[in-house]
Amino acid sequence: MSNEFETVVGLEVHVELKTNTKIFCACKTAFGAEPNTQVCPICSGFPGMLPVLNKKVVELAIKTGLAINAEIASYCKFDRKNYFYPDLPNAYQISQFALPICTNGYLDIDVNGSQKRIRINRAHMEEDAGKLVHDGTITTTAFSLVDLNRTGVPLLEIVSEPDMRSAQEARAYLEKLRSMLLFAQVSDARMEEGSIRCDANVSVRRKGEEKLGVRAEIKNLNSFKAMEKAIEYEAKRQMEAIEDGETLIQETRTWDDEKGVTRSMRNKEEAHDYRYYPDPDLPPIQIDAAWIEEIKATLPEMPDAAKQRLQDQFGLPEYDAAIITTSPHSLSFFDQCVAVFPEAKTVSNWMMGELSRMLNQNNLEIQQCKITPAMLADLLKLIADGTISGKMAKSVFEKMFDSGNSAAQIIEEQGMVQISDEDTLRKIIAEIIDNNPVVVADYRSGKEKARGFLVGQVMKATKGQANPNSVNKILTELLTKEGD
Amino acid sequence: MELHELTLQQLIKELEEKKTNAQEIMTAILNRINAVDQKVKAFLTLNQEAAIEKAREFDRQPWQGKIAGIPFALKDNYCTKGVRTTCASKMLENFIPPYDATLVKKLYAEGGILTGKLNLDEFAMGSSTELSAFFPSHNPWDLERVPGGSSGGSAAAVAADEIPFSLASDTGGSIRQPAAYCGVVGLKPTYGRVSRWGIVAYASSLDQAGVITKDVSDAALVLSIIAGYDPLESTSVQMEVPDYTAFLNTDIKGLKIGYPKEYFQQGVDGKITETLKKALLKYEEMGAHIEEVSLPHSEYALPAYYIIGPAEASSNMGKFDGVRYGLRDFSADNVADLFSLSRQAGFGPEVKRRIMLGTYALSSGYYDAYYLKALKVRRLINDDFAKVFSSFDVIVAPTTPTTAFKIGENTDDILTAYMNDILTVPINMAGLPGISIPCGLADGLPVGMQIIGKPFAETTLLKAAYAFEQATDYHQLKPSLGVR
């Protein structure tokens with residue numbers, strides 16, 4: 001059945017812009033503060049209070065617009081979106097309806113090894129609403145409490161065209177967008193803290209059909225995984241409904257992550273009439289080209305450019321370059337590390353291998369890691385100059401990760417220096433050969449495995465500190481000699 | 001003359017010359033209020049004890065300021081820290097703001113003493129002050145008549161010598177019309193000239209604060225105090241504030257005055273046009289150039305105003321939802337009922353009417369036909385004025401089509417009531433400065449002359465008004481505080 005249909009997805013992503021203060025007043029925007037401690041008469045909608053636009057919000061919106069290849073409007077304005085809800089103190093949200101700040105952008109995503117362009121219709125500035133805290137669930141609670149800390153936190157809503165054809169593409173787009181936001185340093189872009197939030201418009205149509213199907217807007221997508229699962233579920237639901245001869249209606253649905261289903265919230269008839277009109281308290285915004293240029297100059301290297309650079313400059317495979325450029329922190333870690341230890345592929349291997357494994361295990365992000373790029377570079381140097389073996393290095397790395405101590409310190413404390421002195425090793429190896437005549441005989445009769453046993457004995461005797469290259473060399477030498 | 005009868009500047013002089021002190025002035029004012037306000041009903045809240053204490057403090061240790069030690073009163077839509085601010089609505093009957101409006105801070109900074117809060121039509125919606133949720137105010141010239149509105153309390157209190165000056169607000173004539181009805185001076189500055197911060201909004205793109213005084217020179221003085229850019233108010237204009245009193249002189253030779261024929265036609269009482277024509281002749285005598293002009297779109301101003309005003313009001317009134325402050329219906333057991341029951345009980349019929357009108361005008365499907373159309377009319381009205389002002393200095397017209405009407409006369413006839421604003425509304429639509437000054441009596445009731453100026457040309461406006469005032473003595477007429 002699903003072969004006959006294609007899924008069509010467009011995303012509306014709300015991004016919290018990283019400012020110290022709110023969009024229309026001087027209240028702080030810090031995440032996780034005690035309820036109603038970051039409020040004032042302006043953001044809590046007291047009579048006679050008026051908004052003043054935070055210039056930083058416009059700056060970050062322009063910066064984001066440039067990062068997503070959008071056109072920046074020279075003239076834009078704010079509108080009021082009117083509706084009643086206890087978390088919306090003015091009973092209108094100040095947003096941009098008719099003239100948004102950014103239009104006509106795009107992002108390129110990787111789909112099965114090839115590139116696909118996802119167009120972005122618009123991005124507009126708006127204020128966030130507050131939060132309701134229920135005693136239990138919204139339907140059973142006896143009362144609800146209002147927390148207005150979030151009211152007036154600046155948002156940029158980025159609206160894509162319906163250019164995605166699967167949940168995987170939607171995920172790739174959202175991940176790409178997130179990485180752009182992080183590189184541009186305009187948002188913390190933490191989905192779990194709600195600093196990026198996503199609604200998905202999902203419809204299906206028979207393959208070859210040009211007309212878009214009837215769409216459902218899916219809300220409450222709190223993670224990448226939830227988004228993917230919700231789109232998959234919703235597309236399947238719509239396909240089945242069409243197959244069963246049902247007529248789909250345009251509606252808003254919510255994702256129930258526990259049950260793994262979408263549920264109808266309201267249909268088109270029940271939709272709000274927001275009565276948008278220009279906010280008379282805020283004059284239109286004029287943006288001159290010089291300011292845009294000024295902001296453009298502050299825009300750091302974006303992930304696509306960085307990925308290309310890692311391939312060109314360091315000869316990294318595309319796969320490695322893509323993984324390292326998923327976050328600006330990981331890119332910066334790499335750049336700092338290769339500046340001291342120029343074997344890029346080794347650095348990349350360690351970042352994608354040990355470092356990534358330990359970060360995942362400890363649920364940490366690279367910028368929270370105790371190991372600095374310089375510390376990793378020092379460790380890699382010690383491997384390269386033979387001070388420790390690669391195997392020892394892994395255990396040193398784990399200790400560094402936990403303690404934050406340098407490789408040299410850990411090696412010294414643990415007495416872990418590699419034994420490369422050939423006279424010492426020769427003595428130990430000779431003794432092992434003497435003590436294991438049967439194994440030696442096996443080896444000499446052609447059993448290669450026997451050699452492994454002997455190496456193991458050497459390592460055991462040296463507590464793993466013997467230089468493996470030297471061990472091999474001496475073992476070959478002694479076994480060959482005795483056989484003469 | 002008694003202390004309470006003096007103008008603001010006469011009181012300042014008496015104080016400076018130490019002929020009296022602040023306590024004597026305050027006592028005289030409070031005695032006057034106690035003696036006559038049961039007839040006039042101008043005050044909603046008296047700040048009696050605090051005002052006396054403040055005056056006592058001043059006499060002990062005088063402070064500096066342009067109005068140091070002088071009592072003033074405010075229309076009760078100005079937020080006052082610690083002093084109840086009701087907007088003459090049950091919704092805010094017990095609302096005590098934690099902040100002062102910017103203009104209140106400015107009056108305090110110049111040493112003024114708040115004596116009380118004045119009656120208005122609920123949320124400044126009305127033209128008679130009959131629509132106060134508490135009680136109607138009465139016209140001191142005839143207690144059976146309305147003082148006009150919405151700033152009826154502010155005009156009546158000044159006319160009845162209960163206060164030397166008051167601040168008020170003007171959205172469609174709410175300062176000039178009651179000033180005309182009560183025979184006092186009412187000045188509405190250019191939109192953006194004074195801050196709206198802390199004044200409870202009715203229609204934000206039309207609302208403008210202003211002053212009601214006993215003569216033109218006092219209006220100039222108070223404007224010098226309240227004018228200026230406010231960083232908290234995005235529509236306030238960054239422009240130098242002149243000392244408006246310095247421009248007052250009687251030499252108006254060559255001043256080009258236009259009188260719009262549309263303002264002397266249909267619906268305007270013959271006695272009013274006659275009085276105005278006499279005033280124009282007076283101007284001619286004084287050397288001004290008088291010429292008939294045309295503002296052809298005038299007739300569309302009122303219908304357009306009753307779209308734009310209510311549209312903005314419908315949105316501005318949303319914040320009164322019973323959640324954070326103001327009247328709350330505790331019988332509600334869900335959020336929707338909490339909103340609707342609180343608003344049902346808190347708002348009077350006219351406020352409800354304008355919310356419904358405005359909600360309708362902004363609804364999807366009607367927006368273009370009503371709101372957008374009204375904005376286009378507004379532009380045409382603006383252009384009309386711009387054209388006349390390209391060859392004239394000021395425009396002179398009647399302030400109102402009739403003199404004060406009887407209380408109850410228009411309560412069942414909303415359209416007639418709305419017609420009261422027909423000569424003042426266009427000036428708000430164009431954001432121009434306007435002043436109403438007394439220019440005679442018709443059947444014993446004051447007639448107001450409206451002088452309209454170019455944007456930010458308050459100096460010219462005040463000069464024209466002052467010259468007329470100096471050449472006449474209408475501003476010295478006092479009401480009887482009786483029934484005619």
# chains A, B, ... in the order shown; residues from 1 in each chain; ligands from 1
$ select_by_dssp --residues "region 14-213 of chain A" --states "helix (DSSP H, G or I)" --output "PyMOL selection string"
chain A and resi 55-67+167-184
$ closest_atom_pairs --of "region 15-82 of chain A" --to "region 268-279 of chain A" --cutoff "7 Å" --atoms "only C-alpha atoms" --output "tab-separated table"
residue	atom	partner	partner_atom	distance
A:Phe78	CA	A:Asp279	CA	5.7
A:Asp79	CA	A:Pro278	CA	4.1
A:Arg80	CA	A:Tyr276	CA	5.4
A:Lys81	CA	A:Tyr276	CA	4.9
A:Asn82	CA	A:Tyr274	CA	4.8
$ closest_atom_pairs --of "chain B" --to "chain A" --cutoff "7 Å" --atoms "only C-alpha atoms" --output "JSON lines"
{"residue": "B:Trp197", "atom": "CA", "partner": "A:Gly48", "partner_atom": "CA", "distance": 5.9}
{"residue": "B:Gly198", "atom": "CA", "partner": "A:Gly48", "partner_atom": "CA", "distance": 4.1}
{"residue": "B:Ile199", "atom": "CA", "partner": "A:Gly48", "partner_atom": "CA", "distance": 4.6}
{"residue": "B:Val200", "atom": "CA", "partner": "A:Gly48", "partner_atom": "CA", "distance": 3.9}
{"residue": "B:Ala201", "atom": "CA", "partner": "A:Gly48", "partner_atom": "CA", "distance": 5.8}
{"residue": "B:Ser204", "atom": "CA", "partner": "A:Pro280", "partner_atom": "CA", "distance": 5.8}
{"residue": "B:Ser205", "atom": "CA", "partner": "A:Pro280", "partner_atom": "CA", "distance": 5.3}
{"residue": "B:Leu232", "atom": "CA", "partner": "A:Val52", "partner_atom": "CA", "distance": 6.2}
{"residue": "B:Glu233", "atom": "CA", "partner": "A:Leu50", "partner_atom": "CA", "distance": 6.4}
{"residue": "B:Ser234", "atom": "CA", "partner": "A:Val52", "partner_atom": "CA", "distance": 5.7}
{"residue": "B:Thr235", "atom": "CA", "partner": "A:Pro283", "partner_atom": "CA", "distance": 6.4}
{"residue": "B:Ser315", "atom": "CA", "partner": "A:Asn82", "partner_atom": "CA", "distance": 6.7}
{"residue": "B:Gly318", "atom": "CA", "partner": "A:Ala91", "partner_atom": "CA", "distance": 5.0}
{"residue": "B:Lys319", "atom": "CA", "partner": "A:Asn90", "partner_atom": "CA", "distance": 4.3}
{"residue": "B:Val323", "atom": "CA", "partner": "A:Pro86", "partner_atom": "CA", "distance": 6.7}
{"residue": "B:Leu362", "atom": "CA", "partner": "A:Arg275", "partner_atom": "CA", "distance": 5.2}
{"residue": "B:Ser363", "atom": "CA", "partner": "A:Arg275", "partner_atom": "CA", "distance": 5.3}
{"residue": "B:Ser364", "atom": "CA", "partner": "A:Arg275", "partner_atom": "CA", "distance": 6.4}
$ residues_around --residues "Asp321 (chain B)" --least-positions-apart "4" --cutoff "7 Å" --atoms "only C-alpha atoms" --output "CSV table (one decimal) with N, CA, C and O atoms, in the first residue's frame"
chain,number,residue,atom,x,y,z
B,339,PHE,N,-13.0,33.4,32.0
B,339,PHE,CA,-12.8,34.6,31.1
B,339,PHE,C,-14.2,35.3,30.9
B,339,PHE,O,-14.3,36.5,31.1
B,342,SER,N,-16.1,36.7,34.1
B,342,SER,CA,-15.4,37.9,34.6
B,342,SER,C,-15.6,39.1,33.7
B,342,SER,O,-15.8,40.2,34.2
B,343,ARG,N,-15.5,38.9,32.4
B,343,ARG,CA,-15.6,40.0,31.5
B,343,ARG,C,-17.1,40.5,31.4
B,343,ARG,O,-17.3,41.7,31.3
$ select_by_dssp --residues "region 112-347 of chain B" --states "strand (DSSP E or B)" --output "JSON, numbers by chain"
{"B": [113, 114, 115, 116, 117, 118, 139, 142, 145, 165, 166, 167, 168, 169, 170, 185, 186, 187, 188, 194, 199, 208, 209, 210, 211, 212, 213, 227, 256, 257, 258, 259, 260, 289, 290, 291, 292, 293]}
$ write_last_selection --atoms "C-alpha atoms" --output "PDB file, in the first residue's frame"
ATOM      1  CA  ILE B 113       1.124  67.006  44.251  1.00  0.00           C
ATOM      2  CA  LEU B 114      -1.491  64.426  43.237  1.00  0.00           C
ATOM      3  CA  THR B 115      -4.845  65.399  44.697  1.00  0.00           C
ATOM      4  CA  GLY B 116      -7.117  62.818  43.127  1.00  0.00           C
ATOM      5  CA  LYS B 117      -8.349  60.778  40.200  1.00  0.00           C
ATOM      6  CA  LEU B 118     -11.071  61.982  37.867  1.00  0.00           C
ATOM      7  CA  ASN B 139     -21.437  70.108  33.802  1.00  0.00           C
ATOM      8  CA  ASP B 142     -25.671  73.419  34.072  1.00  0.00           C
ATOM      9  CA  ARG B 145     -26.053  68.592  31.437  1.00  0.00           C
ATOM     10  CA  PHE B 165      -5.162  71.680  35.987  1.00  0.00           C
ATOM     11  CA  SER B 166      -5.626  68.055  35.106  1.00  0.00           C
ATOM     12  CA  LEU B 167      -4.134  65.552  32.710  1.00  0.00           C
ATOM     13  CA  ALA B 168      -6.443  63.610  30.435  1.00  0.00           C
ATOM     14  CA  SER B 169      -6.397  61.571  27.236  1.00  0.00           C
ATOM     15  CA  ASP B 170      -7.890  62.136  23.806  1.00  0.00           C
ATOM     16  CA  VAL B 185      -8.743  74.925  27.632  1.00  0.00           C
ATOM     17  CA  GLY B 186      -8.035  71.392  26.396  1.00  0.00           C
ATOM     18  CA  LEU B 187      -4.857  70.534  24.528  1.00  0.00           C
ATOM     19  CA  LYS B 188      -4.166  67.315  22.646  1.00  0.00           C
ATOM     20  CA  VAL B 194       3.991  62.833  24.880  1.00  0.00           C
ATOM     21  CA  ILE B 199      -2.038  55.272  30.510  1.00  0.00           C
ATOM     22  CA  GLN B 208      -2.833  60.750  23.079  1.00  0.00           C
ATOM     23  CA  ALA B 209      -2.338  62.296  26.484  1.00  0.00           C
ATOM     24  CA  GLY B 210      -2.919  65.980  27.043  1.00  0.00           C
ATOM     25  CA  VAL B 211      -3.859  68.659  29.491  1.00  0.00           C
ATOM     26  CA  ILE B 212      -6.880  70.630  30.639  1.00  0.00           C
ATOM     27  CA  THR B 213      -6.241  74.098  32.091  1.00  0.00           C
ATOM     28  CA  ALA B 227       6.346  66.524  26.312  1.00  0.00           C
ATOM     29  CA  LYS B 256      -2.623  82.018   7.736  1.00  0.00           C
ATOM     30  CA  ILE B 257      -5.808  80.504   9.111  1.00  0.00           C
ATOM     31  CA  GLY B 258      -7.939  78.090   7.110  1.00  0.00           C
ATOM     32  CA  TYR B 259     -11.492  77.276   8.130  1.00  0.00           C
ATOM     33  CA  PRO B 260     -12.808  74.077   6.598  1.00  0.00           C
ATOM     34  CA  HIS B 289      -5.302  85.980   7.024  1.00  0.00           C
ATOM     35  CA  ILE B 290      -8.591  84.051   6.975  1.00  0.00           C
ATOM     36  CA  GLU B 291      -9.649  81.785   4.158  1.00  0.00           C
ATOM     37  CA  GLU B 292     -12.135  78.976   3.624  1.00  0.00           C
ATOM     38  CA  VAL B 293     -10.517  75.630   2.887  1.00  0.00           C
TER      39      VAL B 293
END
$ residues_around --residues "Pro455 (chain B)" --least-positions-apart "5" --cutoff "8 Å" --atoms "only C-alpha atoms" --output "ChimeraX atom specification"
/B:190,431-433
$ write_last_selection --atoms "N, CA and C atoms" --output "PDB file, in the first residue's frame"
ATOM      1  N   THR B 190       0.476  66.508  19.373  1.00  0.00           N
ATOM      2  CA  THR B 190       0.715  65.611  18.241  1.00  0.00           C
ATOM      3  C   THR B 190       0.932  64.187  18.752  1.00  0.00           C
ATOM      4  N   GLY B 431      -3.356  62.296  13.592  1.00  0.00           N
ATOM      5  CA  GLY B 431      -2.313  62.436  14.616  1.00  0.00           C
ATOM      6  C   GLY B 431      -1.865  63.862  14.864  1.00  0.00           C
ATOM      7  N   LEU B 432      -2.720  64.828  14.527  1.00  0.00           N
ATOM      8  CA  LEU B 432      -2.327  66.247  14.606  1.00  0.00           C
ATOM      9  C   LEU B 432      -2.546  66.826  15.999  1.00  0.00           C
ATOM     10  N   PRO B 433      -1.880  67.940  16.321  1.00  0.00           N
ATOM     11  CA  PRO B 433      -2.163  68.618  17.585  1.00  0.00           C
ATOM     12  C   PRO B 433      -3.428  69.463  17.450  1.00  0.00           C
TER      13      PRO B 433
END
$ residues_around --residues "Gly172 (chain B)" --least-positions-apart "4" --cutoff "7 Å" --atoms "only C-alpha atoms" --output "PyMOL selection string"
chain B and resi 421+424-425+428
$ closest_residue --among "B:Glu284, B:Glu312, B:Glu57, B:Glu162" --to "Ala42 (chain B)" --atoms "only C-alpha atoms"
B:Glu162
$ closest_residue --among "B:Ser236, B:Asn119, B:Ser150, B:Ser224" --to "Ala417 (chain B)" --atoms "only C-alpha atoms"
B:Ser150
$ residues_around --residues "Leu331 (chain A)" --least-positions-apart "6" --cutoff "12 Å" --atoms "only C-alpha atoms" --output "ChimeraX atom specification"
/A:179,182-183,300-307,309-310,320-325,337-338,347-348,351-352,366-367,373
$ write_last_selection --atoms "N, CA, C and O atoms" --output "tab-separated table (two decimals), in the first residue's frame"
chain	number	residue	atom	x	y	z
A	179	SER	N	21.93	22.30	13.61
A	179	SER	CA	23.36	22.54	13.55
A	179	SER	C	23.66	23.93	13.00
A	179	SER	O	24.59	24.61	13.45
A	182	LEU	N	23.26	26.31	15.87
A	182	LEU	CA	24.38	26.23	16.80
A	182	LEU	C	25.62	26.91	16.22
A	182	LEU	O	26.31	27.64	16.91
A	183	PHE	N	25.87	26.66	14.94
A	183	PHE	CA	27.04	27.30	14.32
A	183	PHE	C	26.88	28.82	14.31
A	183	PHE	O	27.82	29.55	14.56
A	300	PRO	N	29.97	33.05	11.78
A	300	PRO	CA	31.10	32.12	11.71
A	300	PRO	C	30.94	31.16	10.53
A	300	PRO	O	29.92	31.16	9.85
A	301	GLU	N	31.98	30.32	10.32
A	301	GLU	CA	31.93	29.30	9.27
A	301	GLU	C	30.73	28.38	9.51
A	301	GLU	O	30.51	27.90	10.61
A	302	MET	N	29.94	28.15	8.46
A	302	MET	CA	28.75	27.31	8.60
A	302	MET	C	29.12	25.84	8.32
A	302	MET	O	30.15	25.57	7.71
A	303	PRO	N	28.30	24.89	8.75
A	303	PRO	CA	28.68	23.47	8.68
A	303	PRO	C	29.03	22.97	7.27
A	303	PRO	O	29.96	22.19	7.12
A	304	ASP	N	28.31	23.43	6.25
A	304	ASP	CA	28.61	22.95	4.89
A	304	ASP	C	30.02	23.34	4.48
A	304	ASP	O	30.77	22.53	3.93
A	305	ALA	N	30.38	24.58	4.77
A	305	ALA	CA	31.70	25.08	4.41
A	305	ALA	C	32.77	24.35	5.22
A	305	ALA	O	33.82	23.97	4.71
A	306	ALA	N	32.47	24.13	6.50
A	306	ALA	CA	33.43	23.47	7.38
A	306	ALA	C	33.67	22.04	6.91
A	306	ALA	O	34.80	21.55	6.88
A	307	LYS	N	32.62	21.37	6.52
A	307	LYS	CA	32.71	19.99	6.07
A	307	LYS	C	33.62	19.90	4.85
A	307	LYS	O	34.50	19.04	4.75
A	309	ARG	N	35.91	22.03	4.02
A	309	ARG	CA	37.27	22.37	4.44
A	309	ARG	C	37.99	21.17	5.04
A	309	ARG	O	39.17	20.90	4.74
A	310	LEU	N	37.29	20.40	5.88
A	310	LEU	CA	37.93	19.24	6.51
A	310	LEU	C	38.37	18.22	5.46
A	310	LEU	O	39.40	17.56	5.61
A	320	ASP	N	33.61	11.22	7.90
A	320	ASP	CA	34.23	11.81	9.09
A	320	ASP	C	33.91	13.31	9.17
A	320	ASP	O	33.51	13.83	10.22
A	321	ALA	N	34.07	13.98	8.04
A	321	ALA	CA	33.86	15.44	8.00
A	321	ALA	C	32.43	15.78	8.40
A	321	ALA	O	32.18	16.74	9.14
A	322	ALA	N	31.48	14.96	7.94
A	322	ALA	CA	30.07	15.22	8.25
A	322	ALA	C	29.82	15.08	9.74
A	322	ALA	O	29.13	15.91	10.36
A	323	ILE	N	30.40	14.03	10.34
A	323	ILE	CA	30.15	13.81	11.77
A	323	ILE	C	30.79	14.90	12.62
A	323	ILE	O	30.17	15.45	13.53
A	324	ILE	N	32.01	15.27	12.27
A	324	ILE	CA	32.69	16.30	13.06
A	324	ILE	C	31.98	17.65	12.96
A	324	ILE	O	31.98	18.43	13.90
A	325	THR	N	31.32	17.92	11.83
A	325	THR	CA	30.67	19.23	11.67
A	325	THR	C	29.21	19.24	12.09
A	325	THR	O	28.47	20.15	11.75
A	337	CYS	N	42.62	20.42	18.17
A	337	CYS	CA	43.43	19.23	18.36
A	337	CYS	C	44.44	19.06	17.22
A	337	CYS	O	45.63	18.83	17.46
A	338	VAL	N	43.99	19.23	15.97
A	338	VAL	CA	44.92	19.05	14.85
A	338	VAL	C	45.95	20.17	14.78
A	338	VAL	O	47.01	20.02	14.18
A	347	VAL	N	43.10	11.91	14.75
A	347	VAL	CA	42.24	12.74	15.62
A	347	VAL	C	40.77	12.39	15.37
A	347	VAL	O	40.00	12.17	16.30
A	348	SER	N	40.40	12.33	14.10
A	348	SER	CA	39.02	12.03	13.74
A	348	SER	C	38.62	10.65	14.28
A	348	SER	O	37.53	10.49	14.85
A	351	MET	N	38.03	10.90	17.95
A	351	MET	CA	36.80	11.65	18.27
A	351	MET	C	35.56	10.81	18.01
A	351	MET	O	34.63	10.78	18.81
A	352	MET	N	35.55	10.13	16.86
A	352	MET	CA	34.37	9.33	16.51
A	352	MET	C	34.32	8.02	17.29
A	352	MET	O	33.26	7.45	17.46
A	366	ILE	N	30.12	17.37	23.99
A	366	ILE	CA	31.58	17.50	23.88
A	366	ILE	C	32.10	18.71	24.65
A	366	ILE	O	33.18	18.68	25.24
A	367	GLN	N	31.28	19.79	24.70
A	367	GLN	CA	31.77	20.99	25.38
A	367	GLN	C	31.75	20.83	26.91
A	367	GLN	O	32.29	21.65	27.63
A	373	PRO	N	40.91	19.61	23.86
A	373	PRO	CA	41.58	19.21	22.61
A	373	PRO	C	43.09	19.05	22.83
A	373	PRO	O	43.70	18.11	22.33
$ atom_distance --atom1 "CA of Val222 (chain B)" --atom2 "CA of Phe247 (chain B)"
13.9 Å
$ residues_around --residues "Val111 (chain A)" --least-positions-apart "4" --cutoff "10 Å" --atoms "only C-alpha atoms" --output "PyMOL selection string"
chain A and resi 115-117+168-169+172-173
